[in-house]
>>> print(open('data37.cif').read())   # mmCIF, C-alpha atoms
data_structure
#
loop_
_atom_site.label_atom_id
_atom_site.label_comp_id
_atom_site.auth_asym_id
_atom_site.auth_seq_id
_atom_site.Cartn_x
_atom_site.Cartn_y
_atom_site.Cartn_z
CA MET A 1 0.00 0.00 0.00
CA LYS A 2 2.73 2.42 1.01
CA ASN A 3 4.62 1.57 -2.13
CA ILE A 4 1.68 2.59 -4.24
CA PHE A 5 1.67 6.02 -2.67
CA VAL A 6 5.35 6.43 -3.25
CA VAL A 7 4.91 5.48 -6.89
CA VAL A 8 2.04 7.97 -7.32
CA PHE A 9 4.09 10.63 -5.63
CA ALA A 10 7.12 10.06 -7.78
CA PHE A 11 5.01 9.94 -10.91
CA THR A 12 3.39 13.30 -10.33
CA PHE A 13 6.81 14.84 -9.89
CA VAL A 14 8.12 13.31 -13.04
CA VAL A 15 5.13 14.49 -15.04
CA TYR A 16 5.04 18.01 -13.74
CA SER A 17 8.55 18.94 -12.84
CA GLY A 18 9.37 21.60 -15.38
CA SER A 19 7.93 21.66 -18.82
CA ILE A 20 9.59 19.61 -21.47
CA THR A 21 10.95 21.93 -24.06
CA ILE A 22 10.52 20.62 -27.50
CA ALA A 23 13.63 21.24 -29.49
CA GLN A 24 12.87 24.26 -31.56
CA GLU A 25 13.10 23.52 -35.17
CA GLU A 26 15.57 25.74 -36.81
CA HIS A 27 13.93 27.59 -39.62
CA GLN A 28 15.38 26.56 -42.89
CA HIS A 29 16.20 29.33 -45.21
CA HIS A 30 17.75 29.39 -48.54
CA ASN A 31 20.91 31.38 -48.66
CA LYS A 32 19.79 33.48 -51.55
CA LYS A 33 20.82 37.03 -50.91
CA ASP A 34 18.00 39.49 -51.01
CA THR A 35 19.76 42.79 -51.08
CA THR A 36 17.46 44.89 -53.21
CA VAL A 37 17.45 48.40 -51.84
CA ASP A 38 14.10 49.98 -52.40
CA LYS A 39 14.62 53.09 -54.49
CA THR A 40 11.22 54.49 -53.62
CA LYS A 41 11.87 55.00 -49.93
CA GLU A 42 9.98 57.89 -48.44
CA ASP A 43 10.85 60.42 -45.81
CA ILE A 44 8.70 60.39 -42.72
CA VAL A 45 8.49 63.48 -40.57
CA SER A 46 7.04 63.20 -37.09
CA THR A 47 3.35 64.02 -36.83
CA LEU A 48 3.25 65.56 -33.36
CA ARG A 49 4.03 69.19 -32.64
CA ASP A 50 5.29 70.76 -29.41
CA VAL A 51 6.87 67.70 -27.89
CA ASN A 52 8.53 68.62 -24.60
CA PRO A 53 12.35 68.36 -24.96
CA LYS A 54 12.46 66.11 -21.89
CA VAL A 55 10.03 63.75 -23.56
CA THR A 56 12.13 63.81 -26.72
CA ALA A 57 15.19 62.95 -24.61
CA SER A 58 13.34 60.02 -23.01
CA ILE A 59 12.17 58.72 -26.36
CA ASP A 60 15.74 59.03 -27.68
CA LYS A 61 16.90 56.92 -24.74
CA ILE A 62 14.31 54.23 -25.48
CA VAL A 63 15.36 54.24 -29.14
CA GLU A 64 19.03 54.05 -28.16
CA HIS A 65 18.43 50.85 -26.17
CA TYR A 66 16.24 49.50 -28.93
CA LEU A 67 19.14 49.98 -31.34
CA HIS A 68 21.46 48.13 -28.95
CA LEU A 69 18.94 45.34 -28.89
CA LYS A 70 18.73 45.31 -32.66
CA ASN A 71 22.54 45.15 -32.95
CA ALA A 72 22.73 42.35 -30.39
CA LEU A 73 20.28 40.35 -32.51
CA VAL A 74 22.28 41.12 -35.67
CA ASN A 75 25.27 39.59 -33.86
CA ASP A 76 23.25 36.62 -32.57
CA ASN A 77 24.02 37.75 -29.03
CA SER A 78 21.08 36.69 -26.93
CA LYS A 79 22.57 37.82 -23.62
CA ASP A 80 23.16 41.38 -24.77
CA ALA A 81 19.70 41.40 -26.32
CA ALA A 82 18.22 40.50 -22.94
CA ALA A 83 20.19 43.24 -21.20
CA SER A 84 18.96 45.78 -23.76
CA GLY A 85 15.39 44.58 -23.30
CA LYS A 86 15.66 45.39 -19.62
CA GLU A 87 17.18 48.79 -20.42
CA ILE A 88 14.19 49.59 -22.62
CA VAL A 89 11.82 48.77 -19.75
CA ASP A 90 13.83 51.03 -17.43
CA ALA A 91 13.99 53.85 -19.96
CA MET A 92 10.22 53.70 -20.36
CA LYS A 93 9.80 54.10 -16.63
CA ILE A 94 11.76 57.35 -16.73
CA LEU A 95 9.58 59.03 -19.34
CA ASP A 96 7.50 61.61 -17.46
CA LYS A 97 3.96 61.23 -18.74
CA SER A 98 2.80 64.43 -17.05
CA LEU A 99 4.71 66.33 -19.74
CA LEU A 100 2.57 64.86 -22.50
CA THR A 101 -0.34 66.69 -24.06
CA ASN A 102 -3.60 64.74 -24.27
CA GLU A 103 -3.01 63.90 -27.90
CA GLN A 104 0.55 62.74 -27.19
CA LYS A 105 -0.58 60.77 -24.18
CA LYS A 106 -3.12 58.85 -26.21
CA ILE A 107 -0.50 57.78 -28.72
CA TYR A 108 2.14 57.01 -26.11
CA GLU A 109 -0.15 54.98 -23.87
CA ASP A 110 -1.40 52.93 -26.77
CA VAL A 111 2.18 51.89 -27.50
CA GLU A 112 3.41 51.79 -23.90
CA ASP A 113 1.91 48.59 -22.44
CA ASP A 114 2.58 46.55 -25.52
CA ALA A 115 6.15 47.76 -25.96
CA ARG A 116 6.94 47.22 -22.29
CA GLU A 117 5.55 43.70 -22.35
CA HIS A 118 7.66 42.71 -25.34
CA ALA A 119 10.79 44.37 -23.97
CA GLU A 120 10.24 42.49 -20.71
CA HIS A 121 9.93 39.19 -22.55
CA ILE A 122 13.14 39.86 -24.41
CA GLY A 123 14.80 40.65 -21.09
CA GLU A 124 13.61 37.43 -19.51
CA ASN A 125 14.56 35.12 -22.35
CA ALA A 126 18.34 35.23 -22.53
CA GLY A 127 19.46 32.09 -24.35
CA LYS A 128 16.30 31.80 -26.45
CA ILE A 129 17.16 34.07 -29.31
CA GLU A 130 14.38 32.94 -31.66
CA HIS A 131 11.87 33.75 -28.96
CA GLN A 132 13.48 37.15 -28.45
CA ARG A 133 13.30 37.84 -32.19
CA GLU A 134 9.60 37.10 -32.20
CA HIS A 135 9.03 39.75 -29.58
CA PHE A 136 11.46 42.07 -31.30
CA ASP A 137 9.23 41.91 -34.37
CA ILE A 138 6.24 43.27 -32.44
CA LEU A 139 8.35 45.69 -30.44
CA SER A 140 9.71 47.12 -33.70
CA ASN A 141 6.17 47.92 -34.84
CA ASP A 142 5.48 49.65 -31.55
CA LEU A 143 8.68 51.69 -31.66
CA TYR A 144 8.08 52.60 -35.29
CA ASP A 145 4.67 54.02 -34.36
CA LEU A 146 6.28 55.86 -31.48
CA VAL A 147 9.04 57.58 -33.47
CA LYS A 148 6.69 58.20 -36.37
CA ALA A 149 4.59 60.27 -33.98
CA PHE A 150 7.20 61.75 -31.66
CA GLY A 151 10.14 61.99 -34.01
CA SER A 152 13.72 61.04 -33.31
CA SER A 153 16.80 63.20 -32.78
CA GLN A 154 18.85 60.92 -34.97
CA VAL A 155 17.86 59.82 -38.45
CA LEU A 156 16.37 56.32 -38.42
CA TYR A 157 15.78 53.94 -41.27
CA LYS A 158 12.93 51.51 -41.49
CA TYR A 159 13.84 48.21 -43.08
CA PHE A 160 11.65 45.37 -44.15
CA CYS A 161 12.56 41.68 -44.11
CA PRO A 162 10.10 39.87 -46.40
CA MET A 163 10.98 36.38 -45.22
CA TYR A 164 10.40 36.48 -41.49
CA ASN A 165 7.19 35.01 -40.06
CA ASP A 166 6.67 32.51 -42.85
CA LYS A 167 7.01 35.27 -45.42
CA GLU A 168 4.57 37.59 -43.71
CA GLY A 169 7.53 39.87 -43.25
CA ALA A 170 8.74 42.05 -40.42
CA ILE A 171 10.18 45.52 -40.02
CA TRP A 172 13.03 46.90 -37.95
CA LEU A 173 14.51 50.29 -37.27
CA SER A 174 18.17 51.04 -37.78
CA GLU A 175 20.58 53.92 -37.35
CA ILE A 176 22.70 52.88 -40.30
CA LYS A 177 22.21 52.94 -44.06
CA GLU A 178 23.32 49.37 -44.47
CA ILE A 179 21.22 46.23 -44.30
CA LYS A 180 22.07 44.17 -41.24
CA ASN A 181 19.22 41.82 -40.57
CA PRO A 182 18.39 41.26 -36.88
CA TYR A 183 15.91 38.44 -37.59
CA TYR A 184 18.39 35.99 -39.06
CA GLY A 185 21.68 37.29 -37.73
CA LYS A 186 24.75 35.78 -39.35
CA LYS A 187 22.67 33.24 -41.22
CA MET A 188 21.34 35.88 -43.59
CA PRO A 189 22.70 39.32 -42.73
CA ASN A 190 21.72 41.00 -45.99
CA CYS A 191 18.08 40.04 -46.23
CA GLY A 192 15.79 43.03 -46.40
CA SER A 193 15.28 46.40 -47.97
CA MET A 194 15.04 49.99 -46.82
CA LYS A 195 11.57 51.43 -46.85
CA GLU A 196 11.60 54.75 -45.08
CA GLN A 197 13.75 57.38 -43.53
CA ILE A 198 12.48 58.88 -40.28
CA LYS A 199 13.69 62.29 -39.21
CA MET B 1 20.07 -5.88 6.80
CA LYS B 2 17.11 -5.74 9.12
CA ARG B 3 18.17 -2.29 10.19
CA ILE B 4 18.20 -0.96 6.64
CA LYS B 5 14.75 -2.37 6.09
CA LYS B 6 13.57 -0.60 9.21
CA ILE B 7 15.03 2.73 8.10
CA LEU B 8 13.46 2.37 4.65
CA LEU B 9 10.10 1.61 6.17
CA GLY B 10 10.51 4.65 8.40
CA ILE B 11 11.19 6.88 5.40
CA LEU B 12 8.21 5.46 3.54
CA PHE B 13 6.05 6.11 6.57
CA ILE B 14 7.19 9.74 6.79
CA LEU B 15 6.54 10.22 3.07
CA LEU B 16 3.09 8.76 3.47
CA ILE B 17 2.28 11.10 6.34
CA ALA B 18 3.62 14.05 4.33
CA PHE B 19 1.51 12.98 1.38
CA ILE B 20 -1.61 12.89 3.54
CA VAL B 21 -0.86 16.23 5.17
CA ILE B 22 -0.36 18.10 1.89
CA GLN B 23 -3.79 16.93 0.69
CA PHE B 24 -5.26 19.54 3.00
CA ILE B 25 -3.39 22.41 1.36
CA ARG B 26 -5.63 23.17 -1.59
CA PRO B 27 -5.11 26.06 -4.02
CA ALA B 28 -8.04 28.35 -4.86
CA ARG B 29 -9.99 27.25 -7.92
CA ASN B 30 -10.10 29.17 -11.17
CA VAL B 31 -13.81 28.89 -11.90
CA SER B 32 -15.86 32.06 -12.41
CA GLY B 33 -18.80 30.03 -13.69
CA GLN B 34 -19.73 32.49 -16.41
CA VAL B 35 -18.52 33.68 -19.79
CA SER B 36 -17.54 37.31 -19.29
CA GLU B 37 -18.62 40.08 -21.66
CA THR B 38 -14.99 40.66 -22.58
CA ASP B 39 -14.40 37.00 -23.50
CA ILE B 40 -12.93 36.58 -26.96
CA LEU B 41 -15.86 34.27 -27.78
CA LYS B 42 -18.21 37.20 -27.24
CA THR B 43 -15.95 39.87 -28.73
CA TYR B 44 -15.51 38.17 -32.08
CA ASN B 45 -17.62 35.93 -34.19
CA ILE B 46 -15.70 32.71 -33.95
CA PRO B 47 -16.68 29.63 -35.95
CA SER B 48 -17.60 26.75 -33.65
CA ASN B 49 -14.78 24.46 -34.82
CA VAL B 50 -12.29 27.15 -33.82
CA SER B 51 -13.96 27.99 -30.54
CA ASN B 52 -14.04 24.32 -29.60
CA LEU B 53 -10.30 24.10 -30.15
CA LEU B 54 -9.74 27.18 -28.03
CA LYS B 55 -11.92 25.79 -25.25
CA ASN B 56 -10.35 22.34 -25.36
CA ALA B 57 -6.72 23.26 -25.80
CA CYS B 58 -6.33 26.76 -24.30
CA TYR B 59 -9.08 27.73 -21.90
CA ASP B 60 -7.95 25.61 -18.95
CA CYS B 61 -4.99 27.92 -18.41
CA HIS B 62 -5.93 31.00 -20.42
CA SER B 63 -9.40 31.91 -19.16
CA ASN B 64 -11.29 32.42 -15.94
CA ASN B 65 -12.82 28.97 -16.17
CA THR B 66 -10.69 25.89 -15.79
CA ASN B 67 -12.24 22.53 -16.44
CA TYR B 68 -10.53 20.63 -13.63
CA PRO B 69 -9.63 16.96 -14.05
CA TRP B 70 -10.19 14.59 -11.09
CA TYR B 71 -6.49 14.32 -10.26
CA SER B 72 -6.32 18.07 -9.63
CA ASN B 73 -7.69 17.09 -6.21
CA ILE B 74 -4.50 15.18 -5.48
CA GLN B 75 -1.65 17.32 -4.22
CA PRO B 76 0.92 18.25 -5.34
CA VAL B 77 -0.68 17.89 -8.80
CA GLY B 78 -3.22 20.58 -7.92
CA TRP B 79 -0.41 22.95 -6.97
CA PHE B 80 1.40 22.51 -10.25
CA LEU B 81 -1.84 23.05 -12.15
CA ALA B 82 -2.53 26.20 -10.11
CA LYS B 83 0.89 27.56 -11.05
CA ASP B 84 0.42 26.81 -14.75
CA ILE B 85 -2.97 28.52 -14.63
CA LYS B 86 -1.63 31.57 -12.83
CA ASP B 87 1.26 31.93 -15.28
CA GLY B 88 -0.99 31.25 -18.23
CA LYS B 89 -3.53 33.88 -17.29
CA ALA B 90 -0.85 36.46 -16.60
CA GLU B 91 0.40 35.96 -20.16
CA LEU B 92 -2.95 35.78 -21.89
CA ASN B 93 -6.49 35.62 -20.57
CA PHE B 94 -9.10 34.96 -23.24
CA SER B 95 -11.83 35.91 -20.76
CA GLU B 96 -10.52 39.47 -20.76
CA PHE B 97 -9.36 39.66 -24.34
CA GLY B 98 -12.04 42.19 -25.30
CA SER B 99 -10.76 44.72 -22.79
CA LEU B 100 -7.35 44.95 -24.50
CA SER B 101 -6.48 47.66 -27.02
CA SER B 102 -6.39 46.67 -30.70
CA ARG B 103 -2.62 46.86 -30.64
CA ARG B 104 -2.37 44.42 -27.77
CA GLN B 105 -4.99 42.08 -29.19
CA ILE B 106 -3.00 41.82 -32.39
CA SER B 107 0.28 41.21 -30.59
CA LYS B 108 -1.29 38.60 -28.29
CA LEU B 109 -2.70 36.77 -31.31
CA LYS B 110 0.66 36.96 -33.03
CA ASN B 111 2.27 35.28 -30.02
CA VAL B 112 -0.42 32.59 -29.93
CA GLU B 113 0.33 31.87 -33.57
CA SER B 114 4.06 31.54 -32.90
CA ARG B 115 3.49 29.28 -29.88
CA ILE B 116 1.30 26.95 -31.92
CA LYS B 117 3.82 26.90 -34.75
CA ASP B 118 6.84 26.16 -32.56
CA GLY B 119 4.90 23.59 -30.56
CA THR B 120 5.55 25.10 -27.13
CA MET B 121 1.80 25.58 -26.65
CA PRO B 122 -0.30 23.82 -25.54
CA LEU B 123 2.29 22.77 -22.95
CA PRO B 124 3.69 19.31 -23.77
CA THR B 125 2.99 18.19 -20.19
CA TYR B 126 -0.61 19.27 -20.57
CA GLN B 127 -0.97 17.50 -23.90
CA PHE B 128 0.48 14.38 -22.34
CA ILE B 129 -2.54 14.11 -20.08
CA HIS B 130 -5.21 15.89 -22.15
CA SER B 131 -5.71 14.05 -25.39
CA VAL B 132 -8.14 16.75 -26.62
CA ALA B 133 -5.38 19.34 -26.36
CA ARG B 134 -3.17 17.46 -28.80
CA LEU B 135 -3.73 19.44 -31.97
CA SER B 136 -3.47 17.70 -35.31
CA GLU B 137 -1.75 19.51 -38.17
CA ASP B 138 -5.15 20.38 -39.65
CA GLU B 139 -6.35 21.78 -36.35
CA LYS B 140 -3.22 23.86 -35.99
CA GLN B 141 -3.71 25.21 -39.49
CA LEU B 142 -7.34 26.00 -38.73
CA LEU B 143 -6.30 28.02 -35.67
CA ILE B 144 -3.49 29.77 -37.53
CA ASP B 145 -5.76 30.74 -40.42
CA TRP B 146 -8.35 32.04 -38.00
CA ILE B 147 -5.71 34.05 -36.13
CA LYS B 148 -4.44 35.56 -39.40
CA SER B 149 -7.88 36.69 -40.53
CA THR B 150 -8.78 38.00 -37.07
CA LYS B 151 -5.53 39.96 -36.86
CA ASP B 152 -6.23 41.51 -40.24
CA SER B 153 -9.76 42.49 -39.34
CA ILE B 154 -8.66 44.05 -36.03
CA ALA B 155 -5.99 46.03 -37.89
CA LEU B 156 -8.55 47.23 -40.43
CA ASN B 157 -11.07 48.39 -37.84
CA ARG B 158 -8.55 50.10 -35.64
#
>>> encode(input="data37.cif", output="structure tokens")
Amino acid sequence: MKNIFVVVFAFTFVVYSGSITIAQEEHQHHNKKDTTVDKTKEDIVSTLRDVNPKVTASIDKIVEHYLHLKNALVNDNSKDAAASGKEIVDAMKILDKSLLTNEQKKIYEDVEDDAREHAEHIGENAGKIEHQREHFDILSNDLYDLVKAFGSSQVLYKYFCPMYNDKEGAIWLSEIKEIKNPYYGKKMPNCGSMKEQIK
Amino acid sequence: MKRIKKILLGILFILLIAFIVIQFIRPARNVSGQVSETDILKTYNIPSNVSNLLKNACYDCHSNNTNYPWYSNIQPVGWFLAKDIKDGKAELNFSEFGSLSSRRQISKLKNVESRIKDGTMPLPTYQFIHSVARLSEDEKQLLIDWIKSTKDSIALNR
């Protein structure tokens, strides 16, 4: 009788101790270089007026850490990516929302929760770079909407990688005029094309 | 030899007592008993084959209503389930999906899609016990197609 209990006990531990991680299938990609630079890129100028300089400084800080994150992913460095994710979360905490006008607040708050959540996930998932890239995809959309509205002190370029997400595609922001793909890292550094220039 | 047997029996006895004692420590149940107004099933028109998949494979950990199996009454199984449910709801709660902004709904759906594709959701441990949560390739595709069209329609109406 006692033995039965011990067996049941042991079994429940075996079944539930930690989740079994299924080996993530590495996405297979052909090595074809996709380096077409879109000639029809447009210039985007921020839509909001009268942004408080302190807010601009905070947004610049968020963007700066985002760019670190992007570069870490370009270099397949999951640990640095995680550190940058955390920096983004911290930088977002510093932004003083009382300095925002109602219109600015509406735009910022729409982006805020989502961006923070994805930055947090990236911060918590050191070692799982594909998972971080997934969140980076959504975070990039959030940050793009943010700088499109609030502007950026440095010129940013919006790139598009047509292959990511089973060819649904994904964007990223970059400070340089050279394609360095954060979604595939060293596997396919040149995949993508420039779409916009944000000033 | 006799001594070793005695010690082993002693250990078994202690384990048995511990097992009985922990049965009295029961986690709170995740059962609201109703489908909330903000539930994704009420927010969007979802075909029944899709909603059945959601209910069977996701709702135990990602809604306010868990359909508890009998062994959830045995501890520590119940504790592990309670933790999975707590973590699951913190990540995504379909019962409150309608209260999220369009942006967040789209990004949650995107993550669901990725989890189904990479096979990390439903949790392998959960699938091991729940045969209904084991999604066939067709079922996965059905969910993914539904997610894609829902994402698009949210983006359009934003």
>>> resolve_selection(input="data37.cif", expression="the PyMOL selection byres ((chain B) within 7 of (chain A))", output="list of chain:residue names")
B:Leu12, B:Leu16, B:Val77, B:Phe80, B:Arg104, B:Ser107, B:Asp118, B:Thr120, B:Pro124, B:Thr125
>>> write_last_selection(input="data37.cif", atoms="C-alpha atoms", output="PDB file, keeping the file's coordinate frame")
ATOM      1  CA  LEU B  12       8.210   5.460   3.540  1.00  0.00           C
ATOM      2  CA  LEU B  16       3.090   8.760   3.470  1.00  0.00           C
ATOM      3  CA  VAL B  77      -0.680  17.890  -8.800  1.00  0.00           C
ATOM      4  CA  PHE B  80       1.400  22.510 -10.250  1.00  0.00           C
ATOM      5  CA  ARG B 104      -2.370  44.420 -27.770  1.00  0.00           C
ATOM      6  CA  SER B 107       0.280  41.210 -30.590  1.00  0.00           C
ATOM      7  CA  ASP B 118       6.840  26.160 -32.560  1.00  0.00           C
ATOM      8  CA  THR B 120       5.550  25.100 -27.130  1.00  0.00           C
ATOM      9  CA  PRO B 124       3.690  19.310 -23.770  1.00  0.00           C
ATOM     10  CA  THR B 125       2.990  18.190 -20.190  1.00  0.00           C
TER      11      THR B 125
END
>>> resolve_selection(input="data37.cif", expression="the PyMOL selection byres ((chain A and resi 80) around 12)", output="PyMOL selection string")
chain A and resi 65-79+81-87+122-129+132
>>> resolve_selection(input="data37.cif", expression="the PyMOL selection byres ((chain B and resi 19) around 10)", output="ChimeraX atom specification")
/A:5-6,9 /B:13-18,20-24,74-76
>>> atom_distance(input="data37.cif", atom1="atom CA of Tyr157 of chain A", atom2="atom CA of Lys195 of chain A")
7.4 Å
>>> closest_residue(input="data37.cif", among="A:Asp166, A:Glu175, A:Asp145, A:Asp96", to="Pro53 of chain A", atoms="only C-alpha atoms")
A:Asp96
>>> atom_distance(input="data37.cif", atom1="atom CA of Ile147 of chain B", atom2="atom CA of Asp60 of chain B")
19.3 Å
>>> residues_around(input="data37.cif", residues="Ser51 of chain B", least_positions_apart="5", cutoff="12 Å", atoms="all atoms listed in the file", output="list in words")
Asp39, Ile40, Leu41, Lys42, Tyr44, Asn45, Ile46, Asn56, Ala57, Cys58, Tyr59, Phe94, Glu139, Leu142, Leu143, Trp146 and Ile147 of chain B
>>> build_atoms(input="data37.cif", residues="segment 6-26 of chain B", atoms="N, CA and C atoms", output="short mmCIF file (atom, residue, chain, number, x, y, z; two decimals), in the frame of the given file")
data_model
loop_
_atom_site.label_atom_id
_atom_site.label_comp_id
_atom_site.auth_asym_id
_atom_site.auth_seq_id
_atom_site.Cartn_x
_atom_site.Cartn_y
_atom_site.Cartn_z
N LYS B 6 14.31 -1.42 8.24
CA LYS B 6 13.57 -0.60 9.21
C LYS B 6 13.62 0.88 8.83
N ILE B 7 14.85 1.31 8.47
CA ILE B 7 15.03 2.73 8.10
C ILE B 7 14.20 3.04 6.87
N LEU B 8 14.24 2.15 5.87
CA LEU B 8 13.46 2.37 4.65
C LEU B 8 11.97 2.47 4.95
N LEU B 9 11.52 1.57 5.79
CA LEU B 9 10.10 1.61 6.17
C LEU B 9 9.76 2.92 6.86
N GLY B 10 10.70 3.37 7.70
CA GLY B 10 10.51 4.65 8.40
C GLY B 10 10.36 5.79 7.42
N ILE B 11 11.25 5.81 6.41
CA ILE B 11 11.19 6.88 5.40
C ILE B 11 9.87 6.82 4.64
N LEU B 12 9.48 5.61 4.26
CA LEU B 12 8.21 5.46 3.54
C LEU B 12 7.05 5.98 4.38
N PHE B 13 7.11 5.69 5.67
CA PHE B 13 6.05 6.11 6.57
C PHE B 13 5.97 7.64 6.64
N ILE B 14 7.16 8.27 6.73
CA ILE B 14 7.19 9.74 6.79
C ILE B 14 6.63 10.32 5.50
N LEU B 15 7.04 9.75 4.36
CA LEU B 15 6.54 10.22 3.07
C LEU B 15 5.02 10.09 2.99
N LEU B 16 4.53 8.99 3.50
CA LEU B 16 3.09 8.76 3.47
C LEU B 16 2.35 9.81 4.30
N ILE B 17 2.89 10.08 5.47
CA ILE B 17 2.28 11.10 6.34
C ILE B 17 2.31 12.46 5.63
N ALA B 18 3.48 12.78 5.03
CA ALA B 18 3.62 14.05 4.33
C ALA B 18 2.60 14.13 3.20
N PHE B 19 2.45 13.03 2.49
CA PHE B 19 1.51 12.98 1.38
C PHE B 19 0.07 13.26 1.87
N ILE B 20 -0.26 12.68 3.01
CA ILE B 20 -1.61 12.89 3.54
C ILE B 20 -1.78 14.34 3.99
N VAL B 21 -0.75 14.86 4.65
CA VAL B 21 -0.86 16.23 5.17
C VAL B 21 -1.06 17.23 4.03
N ILE B 22 -0.27 17.09 2.95
CA ILE B 22 -0.36 18.10 1.89
C ILE B 22 -1.72 18.06 1.17
N GLN B 23 -2.46 16.97 1.32
CA GLN B 23 -3.79 16.93 0.69
C GLN B 23 -4.71 18.03 1.22
N PHE B 24 -4.39 18.52 2.41
CA PHE B 24 -5.26 19.54 3.00
C PHE B 24 -4.91 20.95 2.55
N ILE B 25 -3.77 21.08 1.85
CA ILE B 25 -3.39 22.41 1.36
C ILE B 25 -3.88 22.52 -0.09
N ARG B 26 -5.02 23.14 -0.26
CA ARG B 26 -5.63 23.17 -1.59
C ARG B 26 -5.63 24.58 -2.16
#
